[in-house]
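Engineer: This is the content of protein00.txt (compact mmCIF, C-alpha atoms):
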```txt
# COMPACT_ATOMS: atom_id res chain seq x y z
CA MET G 242 6.17 -23.46 -23.93
CA GLY G 243 5.82 -23.99 -20.21
CA THR G 244 7.48 -20.66 -19.53
CA ASP G 245 5.09 -18.81 -21.88
CA THR G 246 2.12 -20.51 -20.22
CA GLU G 247 3.36 -19.54 -16.79
CA ARG G 248 3.90 -15.97 -17.90
CA THR G 249 0.42 -15.80 -19.39
CA ALA G 250 -1.08 -17.19 -16.19
CA ALA G 251 0.94 -14.75 -14.08
CA ALA G 252 -0.18 -11.82 -16.25
CA ALA G 253 -3.81 -12.92 -15.98
CA THR G 254 -3.50 -13.22 -12.20
CA ALA G 255 -1.91 -9.76 -11.96
CA GLU G 256 -4.70 -8.26 -14.09
CA ARG G 257 -7.33 -9.97 -11.93
CA ARG G 258 -5.74 -8.66 -8.73
CA ARG G 259 -5.60 -5.14 -10.19
CA GLU G 260 -9.28 -5.30 -11.11
CA GLN G 261 -10.17 -6.64 -7.68
CA ARG G 262 -8.34 -3.75 -6.02
CA GLY G 263 -10.27 -1.31 -8.19
CA TRP G 264 -13.51 -3.11 -7.29
CA TYR G 265 -12.79 -2.68 -3.56
CA PHE G 266 -12.71 1.07 -4.03
CA TYR G 267 -16.39 1.38 -4.84
CA ASP G 268 -17.12 0.07 -1.36
CA TRP G 269 -14.60 2.66 -0.15
CA ALA G 270 -16.45 5.38 -2.11
CA CYS G 271 -20.12 4.72 -1.37
CA SER G 272 -19.99 3.28 2.15
CA VAL G 273 -19.44 6.78 3.55
CA TYR G 274 -23.01 7.59 2.46
CA SER G 275 -24.39 4.56 4.30
CA THR G 276 -22.37 5.39 7.42
CA SER G 277 -22.27 9.17 7.78
CA VAL G 278 -25.57 10.00 6.11
CA LEU G 279 -27.99 7.13 6.55
CA THR G 280 -26.75 5.72 9.85
CA VAL G 281 -25.53 8.77 11.78
CA PHE G 282 -26.58 12.24 10.70
CA LEU G 283 -29.63 12.23 8.47
CA GLY G 284 -32.05 10.33 10.73
CA PRO G 285 -31.81 12.59 13.81
CA TYR G 286 -31.33 15.75 11.72
CA LEU G 287 -34.27 15.12 9.38
CA THR G 288 -36.40 14.16 12.38
CA GLU G 289 -35.61 17.52 14.00
CA ILE G 290 -36.44 19.37 10.77
CA ALA G 291 -39.75 17.50 10.59
CA LYS G 292 -40.49 18.42 14.19
CA THR G 293 -39.84 22.07 13.34
CA ALA G 294 -42.41 21.85 10.56
CA ALA G 295 -44.92 19.84 12.64
CA ASP G 296 -48.32 21.08 13.80
CA PRO G 297 -49.11 21.45 17.54
CA GLU G 298 -50.06 17.74 17.72
CA GLY G 299 -46.61 16.72 16.40
CA PHE G 300 -47.68 15.75 12.87
CA VAL G 301 -46.38 16.82 9.45
CA HIS G 302 -48.57 16.50 6.36
CA PRO G 303 -46.66 15.40 3.23
CA LEU G 304 -49.16 15.18 0.35
CA GLY G 305 -51.87 15.91 2.92
CA ILE G 306 -51.19 12.67 4.83
CA PRO G 307 -50.81 13.06 8.63
CA VAL G 308 -47.47 11.57 9.71
CA ARG G 309 -45.97 11.75 13.18
CA ALA G 310 -42.78 13.80 12.79
CA GLY G 311 -40.74 11.18 14.66
CA ALA G 312 -41.70 8.55 12.06
CA PHE G 313 -41.07 10.64 8.91
CA PHE G 314 -37.49 9.43 8.40
CA ALA G 315 -38.51 5.77 8.63
CA TYR G 316 -41.31 6.33 6.11
CA ALA G 317 -38.92 8.19 3.77
CA VAL G 318 -36.52 5.22 3.86
CA SER G 319 -39.41 2.91 2.99
CA ALA G 320 -40.45 5.17 0.09
CA SER G 321 -36.89 5.22 -1.28
CA VAL G 322 -36.80 1.45 -1.28
CA LEU G 323 -40.07 1.18 -3.17
CA VAL G 324 -38.70 3.53 -5.85
CA SER G 325 -35.63 1.28 -6.09
CA ILE G 326 -37.81 -1.67 -7.08
CA PHE G 327 -38.83 0.14 -10.26
CA VAL G 328 -35.35 1.25 -11.36
CA MET G 329 -33.04 -1.66 -10.45
CA PRO G 330 -34.39 -4.49 -12.66
CA PRO G 331 -34.37 -2.63 -16.02
CA ALA G 332 -30.90 -1.21 -15.30
CA ALA G 333 -29.61 -4.71 -14.50
CA ALA G 334 -31.21 -6.23 -17.61
CA ALA G 335 -29.61 -3.52 -19.77
CA ALA G 336 -26.22 -4.27 -18.22
CA ASP G 337 -26.50 -8.00 -18.93
CA ARG G 338 -27.75 -7.49 -22.50
CA THR G 339 -25.10 -4.94 -23.49
CA GLY G 340 -22.22 -5.89 -21.20
CA ARG G 341 -21.71 -2.16 -20.57
CA LYS G 342 -21.91 -1.96 -16.81
CA LYS G 343 -19.46 0.89 -16.29
CA PRO G 344 -21.49 3.67 -17.95
CA LEU G 345 -24.56 2.65 -15.97
CA LEU G 346 -22.51 2.45 -12.78
CA ALA G 347 -21.17 5.96 -13.43
CA VAL G 348 -24.65 7.44 -13.96
CA ALA G 349 -26.08 5.84 -10.80
CA ALA G 350 -23.06 6.72 -8.65
CA TYR G 351 -22.90 10.38 -9.66
CA LEU G 352 -26.66 10.91 -9.40
CA GLY G 353 -26.52 9.56 -5.84
CA ALA G 354 -23.43 11.60 -5.03
CA ALA G 355 -25.08 14.79 -6.33
CA ALA G 356 -28.24 14.19 -4.26
CA THR G 357 -26.11 13.62 -1.18
CA ALA G 358 -24.07 16.78 -1.77
CA GLY G 359 -27.38 18.64 -2.13
CA MET G 360 -28.23 17.79 1.48
CA PHE G 361 -26.11 20.81 2.41
CA PHE G 362 -29.22 22.88 1.67
CA LEU G 363 -31.38 21.16 4.32
CA ASP G 364 -32.25 23.72 6.95
CA GLY G 365 -35.26 25.36 8.54
CA ASP G 366 -38.37 23.27 7.90
CA ARG G 367 -37.33 21.70 4.56
CA TYR G 368 -38.26 18.17 5.57
CA LEU G 369 -39.83 17.46 2.15
CA LEU G 370 -36.57 18.37 0.38
CA GLY G 371 -34.75 16.05 2.77
CA GLY G 372 -37.16 13.22 2.00
CA LEU G 373 -36.78 13.77 -1.77
CA LEU G 374 -32.96 13.80 -1.65
CA LEU G 375 -33.00 10.68 0.51
CA VAL G 376 -35.19 8.87 -2.05
CA VAL G 377 -32.91 9.86 -4.96
CA ALA G 378 -29.69 8.98 -3.13
CA ASN G 379 -30.94 5.65 -1.81
CA ALA G 380 -32.38 4.55 -5.18
CA SER G 381 -29.17 5.56 -6.96
CA LEU G 382 -27.06 3.66 -4.45
CA ALA G 383 -29.24 0.58 -4.94
CA VAL G 384 -28.78 0.63 -8.73
CA SER G 385 -25.04 1.16 -8.44
CA MET G 386 -24.72 -1.74 -5.99
CA VAL G 387 -26.51 -4.08 -8.41
CA LEU G 388 -23.89 -3.33 -11.05
CA TYR G 389 -21.00 -3.36 -8.58
CA ASN G 390 -21.96 -6.71 -7.02
CA SER G 391 -22.48 -8.32 -10.42
CA TYR G 392 -18.75 -7.91 -11.11
CA LEU G 393 -17.87 -10.34 -8.28
CA PRO G 394 -18.34 -13.61 -10.24
CA GLN G 395 -16.34 -12.10 -13.11
CA ILE G 396 -13.32 -10.87 -11.16
CA ALA G 397 -12.93 -13.70 -8.61
CA PRO G 398 -12.88 -17.49 -9.14
CA PRO G 399 -15.08 -19.52 -6.73
CA GLU G 400 -12.32 -20.21 -4.22
CA GLU G 401 -11.52 -16.49 -3.86
CA ARG G 402 -15.01 -15.01 -3.55
CA ASP G 403 -15.50 -15.16 0.22
CA ALA G 404 -12.16 -13.41 0.71
CA VAL G 405 -12.69 -10.83 -2.05
CA SER G 406 -16.20 -10.00 -0.88
CA SER G 407 -15.01 -9.71 2.73
CA ARG G 408 -12.16 -7.39 1.73
CA GLY G 409 -14.63 -5.19 -0.16
CA TRP G 410 -16.82 -4.82 2.92
CA ALA G 411 -13.71 -4.22 5.05
CA PHE G 412 -12.65 -1.40 2.70
CA GLY G 413 -16.10 0.14 3.05
CA TYR G 414 -16.10 0.02 6.83
CA ALA G 415 -12.55 1.37 7.01
CA SER G 416 -13.60 4.28 4.79
CA GLY G 417 -16.66 4.92 6.94
CA ALA G 418 -14.53 4.96 10.09
CA LEU G 419 -11.99 7.38 8.58
CA VAL G 420 -14.61 9.90 7.49
CA LEU G 421 -16.51 9.56 10.77
CA VAL G 422 -13.38 10.63 12.65
CA ALA G 423 -13.29 13.81 10.55
CA ASN G 424 -17.03 14.27 11.08
CA LEU G 425 -16.61 13.89 14.84
CA VAL G 426 -13.87 16.53 14.93
CA LEU G 427 -15.99 19.00 12.95
CA PHE G 428 -19.17 18.31 14.92
CA LEU G 429 -17.59 18.57 18.38
CA ALA G 430 -15.43 21.59 17.54
CA HIS G 431 -17.86 23.43 15.27
CA ASP G 432 -17.47 26.64 17.29
CA THR G 433 -13.73 26.50 16.72
CA PHE G 434 -14.33 26.27 12.98
CA GLY G 435 -16.76 29.19 13.15
CA VAL G 436 -19.89 27.29 12.13
CA SER G 437 -23.11 26.38 13.91
CA GLU G 438 -23.98 22.82 14.90
CA SER G 439 -26.59 22.69 12.14
CA THR G 440 -24.11 23.88 9.53
CA ALA G 441 -21.56 21.31 10.74
CA VAL G 442 -24.12 18.53 10.22
CA ARG G 443 -24.94 19.82 6.74
CA ILE G 444 -21.23 19.90 5.85
CA CYS G 445 -20.87 16.31 7.04
CA LEU G 446 -23.83 15.25 4.89
CA ALA G 447 -22.57 17.03 1.77
CA SER G 448 -18.97 15.85 2.18
CA ALA G 449 -20.18 12.24 1.91
CA GLY G 450 -21.47 13.05 -1.57
CA VAL G 451 -18.16 14.63 -2.58
CA TRP G 452 -16.24 11.59 -1.24
CA TRP G 453 -18.58 9.20 -3.07
CA GLY G 454 -18.10 10.97 -6.37
CA ALA G 455 -14.31 11.39 -6.08
CA PHE G 456 -13.40 7.79 -5.25
CA THR G 457 -15.82 6.32 -7.80
CA LEU G 458 -13.19 7.34 -10.37
CA VAL G 459 -10.95 4.43 -9.24
CA PRO G 460 -13.30 1.53 -10.06
CA LEU G 461 -14.43 3.28 -13.24
CA LYS G 462 -10.80 3.27 -14.36
CA ARG G 463 -9.87 -0.28 -13.33
CA LEU G 464 -12.99 -2.36 -13.90
CA ARG G 465 -13.56 -3.55 -17.46
CA ASP G 466 -16.71 -4.47 -19.31
CA ARG G 467 -17.02 -7.97 -20.75
CA ARG G 468 -18.42 -8.58 -24.18
CA THR G 469 -21.72 -10.42 -24.20
CA VAL G 470 -23.74 -12.18 -26.83
CA PRO G 471 -26.59 -9.75 -27.63
CA SER G 472 -29.97 -11.13 -26.67
CA GLU G 473 -33.32 -10.26 -28.14
CA GLY G 474 -35.65 -7.80 -26.54
CA ALA G 475 -35.20 -4.61 -24.59
CA PRO G 476 -35.24 -4.05 -20.85
CA ARG G 477 -38.79 -3.95 -19.53
CA GLY G 478 -40.27 -1.63 -16.96
CA GLY G 479 -39.39 -2.19 -13.32
CA LEU G 480 -42.08 -4.60 -12.15
CA ARG G 481 -42.32 -6.43 -15.50
CA GLN G 482 -38.56 -6.98 -15.60
CA LEU G 483 -38.54 -8.12 -11.98
CA ALA G 484 -41.34 -10.57 -12.75
CA ALA G 485 -39.36 -11.91 -15.73
CA THR G 486 -36.28 -12.38 -13.54
CA VAL G 487 -38.29 -14.20 -10.88
CA ARG G 488 -39.83 -16.45 -13.54
CA ASP G 489 -36.33 -17.31 -14.74
CA MET G 490 -35.28 -17.98 -11.13
CA ARG G 491 -38.07 -20.52 -10.80
CA ARG G 492 -35.82 -22.80 -12.83
CA HIS G 493 -33.41 -22.50 -9.88
CA PRO G 494 -35.73 -22.90 -6.86
CA HIS G 495 -32.91 -23.22 -4.34
CA THR G 496 -31.45 -19.88 -5.46
CA LEU G 497 -34.90 -18.41 -4.98
CA ALA G 498 -35.13 -20.01 -1.53
CA PHE G 499 -31.81 -18.41 -0.53
CA LEU G 500 -33.09 -15.02 -1.71
CA LEU G 501 -36.21 -15.41 0.42
CA ALA G 502 -34.13 -16.15 3.51
CA TYR G 503 -31.80 -13.24 2.71
CA LEU G 504 -34.77 -10.93 2.14
CA VAL G 505 -36.02 -11.66 5.64
CA TYR G 506 -32.86 -11.46 7.74
CA ASN G 507 -31.30 -8.64 5.76
CA ASP G 508 -34.45 -6.57 6.21
CA GLY G 509 -33.64 -6.67 9.91
CA VAL G 510 -29.99 -5.74 9.28
CA GLN G 511 -30.88 -2.75 7.08
CA THR G 512 -33.47 -1.48 9.56
CA VAL G 513 -30.99 -1.63 12.42
CA ILE G 514 -28.47 0.32 10.30
CA SER G 515 -30.96 3.04 9.36
CA GLN G 516 -32.82 3.38 12.67
CA ALA G 517 -30.17 2.78 15.36
CA SER G 518 -29.20 6.44 15.65
CA VAL G 519 -32.86 7.47 15.96
CA TYR G 520 -33.30 4.90 18.74
CA GLY G 521 -30.19 6.18 20.51
CA SER G 522 -31.13 9.85 20.29
CA GLU G 523 -34.91 9.72 20.79
CA GLU G 524 -35.36 6.79 23.21
CA LEU G 525 -32.05 6.61 25.06
CA GLY G 526 -31.45 10.36 25.18
CA LEU G 527 -27.89 10.13 23.82
CA GLY G 528 -26.16 13.10 22.21
CA GLN G 529 -24.94 13.27 18.62
CA SER G 530 -21.29 12.90 19.65
CA THR G 531 -22.09 9.67 21.52
CA LEU G 532 -23.89 8.31 18.47
CA ILE G 533 -20.95 9.16 16.21
CA VAL G 534 -18.50 7.39 18.54
CA ALA G 535 -20.82 4.34 18.66
CA VAL G 536 -21.06 4.14 14.88
CA LEU G 537 -17.29 4.65 14.62
CA LEU G 538 -16.89 1.67 16.95
CA VAL G 539 -19.19 -0.35 14.68
CA GLN G 540 -17.11 0.59 11.64
CA LEU G 541 -13.79 -0.37 13.22
CA LEU G 542 -15.02 -3.69 14.58
CA ALA G 543 -16.86 -4.47 11.32
CA VAL G 544 -13.52 -4.42 9.49
CA ALA G 545 -12.14 -7.06 11.84
CA GLY G 546 -15.46 -8.93 11.89
CA ALA G 547 -15.70 -9.13 8.09
CA LEU G 548 -12.13 -10.39 7.69
CA THR G 549 -12.45 -12.85 10.59
CA MET G 550 -15.74 -14.28 9.37
CA GLY G 551 -14.23 -14.58 5.89
CA ARG G 552 -11.48 -16.77 7.38
CA LEU G 553 -14.03 -18.80 9.35
CA ALA G 554 -15.93 -19.42 6.12
CA ARG G 555 -12.85 -21.07 4.61
CA VAL G 556 -12.94 -23.60 7.46
CA HIS G 557 -16.65 -24.03 8.20
CA GLY G 558 -18.36 -22.76 5.03
CA ALA G 559 -20.22 -19.50 4.46
CA LYS G 560 -23.67 -20.88 5.26
CA ARG G 561 -22.73 -22.08 8.76
CA VAL G 562 -20.97 -18.83 9.59
CA ILE G 563 -23.98 -16.77 8.44
CA LEU G 564 -26.30 -18.92 10.57
CA GLY G 565 -24.07 -18.30 13.59
CA SER G 566 -24.18 -14.56 12.92
CA LEU G 567 -28.00 -14.61 12.85
CA VAL G 568 -28.04 -16.15 16.34
CA ALA G 569 -25.79 -13.32 17.49
CA TRP G 570 -28.07 -10.72 15.84
CA THR G 571 -31.14 -12.15 17.60
CA VAL G 572 -29.49 -12.02 21.02
CA THR G 573 -28.02 -8.55 20.44
CA ILE G 574 -31.22 -6.83 19.27
CA GLY G 575 -33.22 -8.52 22.02
CA ALA G 576 -30.73 -7.13 24.56
CA GLY G 577 -31.11 -3.67 22.99
CA TYR G 578 -34.65 -3.46 24.36
CA PHE G 579 -33.32 -3.40 27.93
CA LEU G 580 -30.64 -0.71 27.48
CA PRO G 581 -30.92 1.98 30.18
CA SER G 582 -31.42 5.57 29.08
CA ARG G 583 -28.51 8.03 29.14
CA ALA G 584 -25.95 5.23 29.60
CA PRO G 585 -23.39 5.53 26.77
CA GLY G 586 -21.36 2.56 28.02
CA TRP G 587 -24.17 0.09 27.44
CA PHE G 588 -24.91 1.60 24.02
CA PHE G 589 -21.24 1.19 23.10
CA ALA G 590 -21.42 -2.48 24.15
CA LEU G 591 -24.42 -2.95 21.87
CA ALA G 592 -22.56 -1.20 19.03
CA ALA G 593 -19.54 -3.48 19.53
CA ALA G 594 -21.70 -6.60 19.30
CA ILE G 595 -23.35 -5.32 16.12
CA GLY G 596 -20.01 -4.41 14.55
CA LEU G 597 -18.53 -7.87 15.07
CA VAL G 598 -21.28 -9.57 13.04
CA LEU G 599 -22.40 -6.83 10.64
CA GLY G 600 -19.66 -6.91 8.00
CA GLY G 601 -19.33 -10.68 7.91
CA THR G 602 -23.08 -11.26 7.53
CA GLN G 603 -23.21 -8.95 4.53
CA ALA G 604 -19.94 -10.03 2.90
CA LEU G 605 -20.60 -13.77 3.14
CA SER G 606 -24.20 -13.42 1.97
CA ARG G 607 -22.94 -11.66 -1.16
CA SER G 608 -20.24 -14.21 -1.91
CA LEU G 609 -22.55 -17.16 -1.19
CA PHE G 610 -25.15 -15.79 -3.60
CA SER G 611 -22.51 -15.31 -6.32
CA HIS G 612 -22.15 -19.12 -6.47
CA LEU G 613 -25.90 -19.48 -7.13
CA VAL G 614 -26.02 -17.20 -10.21
CA PRO G 615 -26.07 -18.76 -13.72
CA HIS G 616 -23.39 -17.46 -16.06
CA GLY G 617 -24.51 -14.46 -18.13
CA LYS G 618 -27.26 -13.52 -15.66
CA GLU G 619 -25.04 -11.77 -13.10
CA ALA G 620 -26.56 -8.26 -13.11
CA GLU G 621 -30.12 -9.52 -13.56
CA TYR G 622 -29.86 -11.91 -10.61
CA PHE G 623 -27.99 -9.39 -8.50
CA SER G 624 -30.84 -6.93 -9.11
CA ALA G 625 -33.11 -9.42 -7.36
CA TYR G 626 -30.43 -9.76 -4.67
CA GLU G 627 -30.23 -6.01 -4.27
CA ILE G 628 -34.01 -5.82 -4.02
CA SER G 629 -33.66 -8.29 -1.16
CA ASP G 630 -30.78 -6.18 0.19
CA ARG G 631 -32.25 -2.69 -0.15
CA GLY G 632 -35.24 -2.89 -2.46
CA MET G 633 -37.35 -5.06 -0.17
CA ALA G 634 -35.94 -3.51 3.02
CA TRP G 635 -39.05 -1.38 3.32
CA LEU G 636 -40.92 -3.75 5.62
CA GLY G 637 -38.53 -3.36 8.56
CA PRO G 638 -38.57 0.47 8.59
CA LEU G 639 -42.33 0.38 8.01
CA ILE G 640 -42.88 -1.95 10.97
CA PHE G 641 -40.45 0.13 13.03
CA GLY G 642 -42.35 3.33 12.14
CA LEU G 643 -45.80 1.80 12.63
CA THR G 644 -44.82 0.29 15.98
CA TYR G 645 -43.61 3.69 17.16
CA GLN G 646 -46.69 5.43 15.75
CA LEU G 647 -49.01 3.02 17.57
CA THR G 648 -47.13 2.74 20.88
CA GLY G 649 -45.04 5.91 21.07
CA SER G 650 -42.12 3.71 22.21
CA TYR G 651 -38.89 3.21 20.30
CA ARG G 652 -38.11 0.24 22.58
CA ASP G 653 -41.13 -1.62 21.24
CA ALA G 654 -40.07 -0.60 17.73
CA ILE G 655 -36.52 -1.96 18.08
CA VAL G 656 -37.53 -5.29 19.64
CA SER G 657 -40.02 -5.89 16.82
CA LEU G 658 -37.00 -6.52 14.56
CA VAL G 659 -35.99 -9.75 16.34
CA VAL G 660 -38.48 -11.73 14.27
CA PHE G 661 -36.56 -10.94 11.06
CA PHE G 662 -33.38 -12.61 12.33
CA ALA G 663 -35.12 -15.62 13.88
CA LEU G 664 -37.23 -16.33 10.80
CA GLY G 665 -34.28 -15.72 8.48
CA PHE G 666 -32.28 -18.34 10.39
CA VAL G 667 -35.00 -20.95 9.90
CA LEU G 668 -35.36 -20.22 6.18
CA LEU G 669 -31.60 -20.22 5.47
CA ALA G 670 -31.05 -23.47 7.40
CA ARG G 671 -33.45 -25.19 4.98
CA VAL G 672 -31.54 -24.16 1.80
CA PRO G 673 -29.35 -26.96 0.29
CA VAL G 674 -26.61 -24.65 -0.96
CA ARG G 675 -24.43 -27.34 -2.59
CA ARG G 676 -27.34 -28.52 -4.70
CA ALA G 677 -28.17 -24.89 -5.50
CA VAL G 678 -24.63 -24.28 -6.81
CA ARG G 679 -24.79 -27.40 -9.00
CA ASP G 680 -28.24 -26.47 -10.33
CA ALA G 681 -26.89 -23.06 -11.37
CA GLY G 682 -24.22 -24.81 -13.44
CA ASN G 683 -21.30 -23.65 -11.29
CA PRO G 684 -18.44 -25.62 -9.69
CA VAL G 685 -19.06 -26.44 -6.02
CA PRO G 686 -16.34 -25.13 -3.68
CA GLU G 687 -14.90 -27.51 -1.09
CA LYS G 688 -16.35 -25.37 1.71
CA ILE G 689 -19.61 -23.50 1.24
```
Turn the structure described in the file into structure tokens.
Structural biologist:
Amino acid sequence: MGTDTERTAAAATAERRREQRGWYFYDWACSVYSTSVLTVFLGPYLTEIAKTAADPEGFVHPLGIPVRAGAFFAYAVSASVLVSIFVMPPAAAAADRTGRKKPLLAVAAYLGAAATAGMFFLDGDRYLLGGLLLVVANASLAVSMVLYNSYLPQIAPPEERDAVSSRGWAFGYASGALVLVANLVLFLAHDTFGVSESTAVRICLASAGVWWGAFTLVPLKRLRDRRTVPSEGAPRGGLRQLAATVRDMRRHPHTLAFLLAYLVYNDGVQTVISQASVYGSEELGLGQSTLIVAVLLVQLLAVAGALTMGRLARVHGAKRVILGSLVAWTVTIGAGYFLPSRAPGWFFALAAAIGLVLGGTQALSRSLFSHLVPHGKEAEYFSAYEISDRGMAWLGPLIFGLTYQLTGSYRDAIVSLVVFFALGFVLLARVPVRRAVRDAGNPVPEKI
């Protein structure tokens, strides 16, 4: 009897490990978009396309609205996030009601991958096409991440979640680093390959979509849907469903308090990710190759940072480690204001500091939130989390863009982000996470 029990337990553990390894591969698949497209190539490239289409005063006019060409990318990111708010909640509610996450994950992933591959056709003055593809890709990524993250409580018991979440982020950053090396070779040696610099950039953008689509096959094969008890009602429209989720969360006020803190500090994180290359190219006068090397440095150090902070969380608890990372973010972004122009060494130092805290902040926030989610509400609650992650990350880019539009200085724009990390620290410090876990009906880990 004991032997059969042990064999059953061993088989269950092996199946869980196999599913976890498949889960890691969605980070491997989609992180290349976040790295190569959103962080490195699209910002400077779309800004240049907008400048080509600009009037003599430096403005483009989407929908007849005057927009400074240098701020168009930031506004497009904000628009994509607002669209995400409408599509994430109903998709998440459908996943929880039916238990069929994989088909929804496949649709979102391949729509985003197709939009990214379509960026190959961005040339001339097609800034509006670039903005549209960015909106579609970002919104699709947001929906897919809701579904992907909601698997975490199902595939990892409480004591494993910090480690599993950290490994997922590490996989993503390793993937981003690998593809960036190939991008760097193509970009620097584009003449050798017989293509122009513009064509090389467009190939790098499109290849991220191909990579995203190809490696999504692995999690779609290994992850499995869980049967759920059908509930009454159908998914509502975006804002109505979000309002229903928030009303349900009011029964768990400490979970809601964590989301508020995460909304604030992660808005700063996402804005740094999306706007750092614009800051480096436009304000510091750094070339594309320097920016690629800097982001590659971030990717490599983020792998080590995510794994190291995951280990620290086992000793000190995820909340304390996240709070420490927010102090580091505040100091780092504040120092970024004083970086001298045309000094790659100092920019690399800034990139190294960001890399060491980036992966761990994101990984531990995800795993900490997974403890605060009531059973059976995983996708619905993670839609609210994703809105805090990407869906509400419109304020940072908007403030960044408005600050630049009003002052004409990217230095003022970058330093405006410090408030997100400082305020996020204060809000997170006030959340009683142990009580929040108990209130959600989940077991409280020894260290959290």
Engineer: Considering all atoms listed in the file, can you say which of G:Val328, G:Ala336, G:Gly454, G:Trp264 comes closest to Ala356 of chain G?
Structural biologist: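 With all atoms listed in the file as the atom set, the closest residue is G:Gly454.
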Engineer: Write out as a ChimeraX atom specification the residues lying within 9 Å of Ala355 of chain G, counting all atoms listed in the file and excluding same-chain residues fewer than 6 positions away.
Structural biologist: /G:378,447,450-451,454
Engineer: Just checking: using only C-alpha atoms, which residue out of G:Val376, G:Leu279, G:Ala576, G:Leu461 ends up closest to Ala449 of chain G?
Structural biologist: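 Counting only C-alpha atoms, the residue closest to Ala449 of chain G is G:Leu279.
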Engineer: Record the distance separating atom CA of Glu400 of chain G and atom CA of Pro330 of chain G, expressed in Å with one decimal.
Structural biologist: 28.4 Å
Engineer: Skip Pro684 of chain G itself and residues of its chain fewer than 3 positions away, then list as a compact mmCIF listing (two decimals) with C-alpha atoms, keeping the file's coordinate frame all residues within 8 Å of it, counting only C-alpha atoms.
Structural biologist:
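Contents of selection.txt, as written:
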```
# COMPACT_ATOMS: atom_id res chain seq x y z
CA PRO G 399 -15.08 -19.52 -6.73
CA VAL G 678 -24.63 -24.28 -6.81
CA ARG G 679 -24.79 -27.40 -9.00
```
Engineer: Provide the atom CA of Val598 of chain G to atom CA of Tyr414 of chain G distance in Å, to one decimal place.
Structural biologist: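 Taking atom CA of Val598 of chain G and atom CA of Tyr414 of chain G, their separation equals 12.5 Å.
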Engineer: In Å, with one decimal, what is the gap from atom CA of Ser650 of chain G to atom CA of Gly521 of chain G?
Structural biologist: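 Between atom CA of Ser650 of chain G and atom CA of Gly521 of chain G the gap works out to 12.3 Å.
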Engineer: Within 9 Å of (-15.8, 16.1, 10.0) (file coordinates; all atoms listed in the file), which protein or nucleic acid residues are there? I'd like them as a VMD selection string.
Structural biologist: chain G and resid 420 to 429 441 to 442 444 to 445 448
Engineer: Return as lines of an AutoDock Vina configuration file the centre and edge lengths, in Å with one decimal, of the box along x, y and z that encloses every atom of segment 453-468 of chain G in the file, padded by 6 Å per side.
Structural biologist:
```
center_x = -14.2
center_y = 1.4
center_z = -13.6
size_x = 20.7
size_y = 32.0
size_z = 33.1
```
Engineer: Using the structure just given, write a file holding N, CA, C and O atoms for segment 671-679 of chain G, as an mmCIF file, in the first residue's frame.
Structural biologist:
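Done, and the output landed in result19.cif:
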```
data_model
loop_
_atom_site.group_PDB
_atom_site.id
_atom_site.type_symbol
_atom_site.label_atom_id
_atom_site.label_comp_id
_atom_site.auth_asym_id
_atom_site.auth_seq_id
_atom_site.Cartn_x
_atom_site.Cartn_y
_atom_site.Cartn_z
ATOM 1 N N ARG G 671 2.440 48.782 4.084
ATOM 2 C CA ARG G 671 1.243 48.815 4.920
ATOM 3 C C ARG G 671 0.353 47.581 4.748
ATOM 4 O O ARG G 671 -0.634 47.430 5.484
ATOM 5 N N VAL G 672 0.678 46.694 3.787
ATOM 6 C CA VAL G 672 -0.174 45.528 3.521
ATOM 7 C C VAL G 672 0.190 44.375 4.457
ATOM 8 O O VAL G 672 1.332 43.898 4.446
ATOM 9 N N PRO G 673 -0.745 43.866 5.277
ATOM 10 C CA PRO G 673 -0.485 42.696 6.139
ATOM 11 C C PRO G 673 -0.647 41.410 5.330
ATOM 12 O O PRO G 673 -1.736 40.823 5.277
ATOM 13 N N VAL G 674 0.419 40.949 4.694
ATOM 14 C CA VAL G 674 0.281 39.871 3.717
ATOM 15 C C VAL G 674 -0.145 38.547 4.350
ATOM 16 O O VAL G 674 -0.885 37.776 3.734
ATOM 17 N N ARG G 675 0.288 38.254 5.569
ATOM 18 C CA ARG G 675 -0.125 36.999 6.204
ATOM 19 C C ARG G 675 -1.640 36.970 6.417
ATOM 20 O O ARG G 675 -2.306 35.965 6.157
ATOM 21 N N ARG G 676 -2.174 38.081 6.893
ATOM 22 C CA ARG G 676 -3.621 38.154 7.079
ATOM 23 C C ARG G 676 -4.327 38.073 5.730
ATOM 24 O O ARG G 676 -5.391 37.461 5.616
ATOM 25 N N ALA G 677 -3.732 38.662 4.694
ATOM 26 C CA ALA G 677 -4.342 38.613 3.365
ATOM 27 C C ALA G 677 -4.421 37.184 2.840
ATOM 28 O O ALA G 677 -5.416 36.792 2.225
ATOM 29 N N VAL G 678 -3.366 36.388 3.074
ATOM 30 C CA VAL G 678 -3.368 34.992 2.633
ATOM 31 C C VAL G 678 -4.454 34.211 3.361
ATOM 32 O O VAL G 678 -5.214 33.441 2.752
ATOM 33 N N ARG G 679 -4.547 34.404 4.679
ATOM 34 C CA ARG G 679 -5.585 33.705 5.459
ATOM 35 C C ARG G 679 -6.986 34.108 5.002
ATOM 36 O O ARG G 679 -7.870 33.265 4.858
#
```
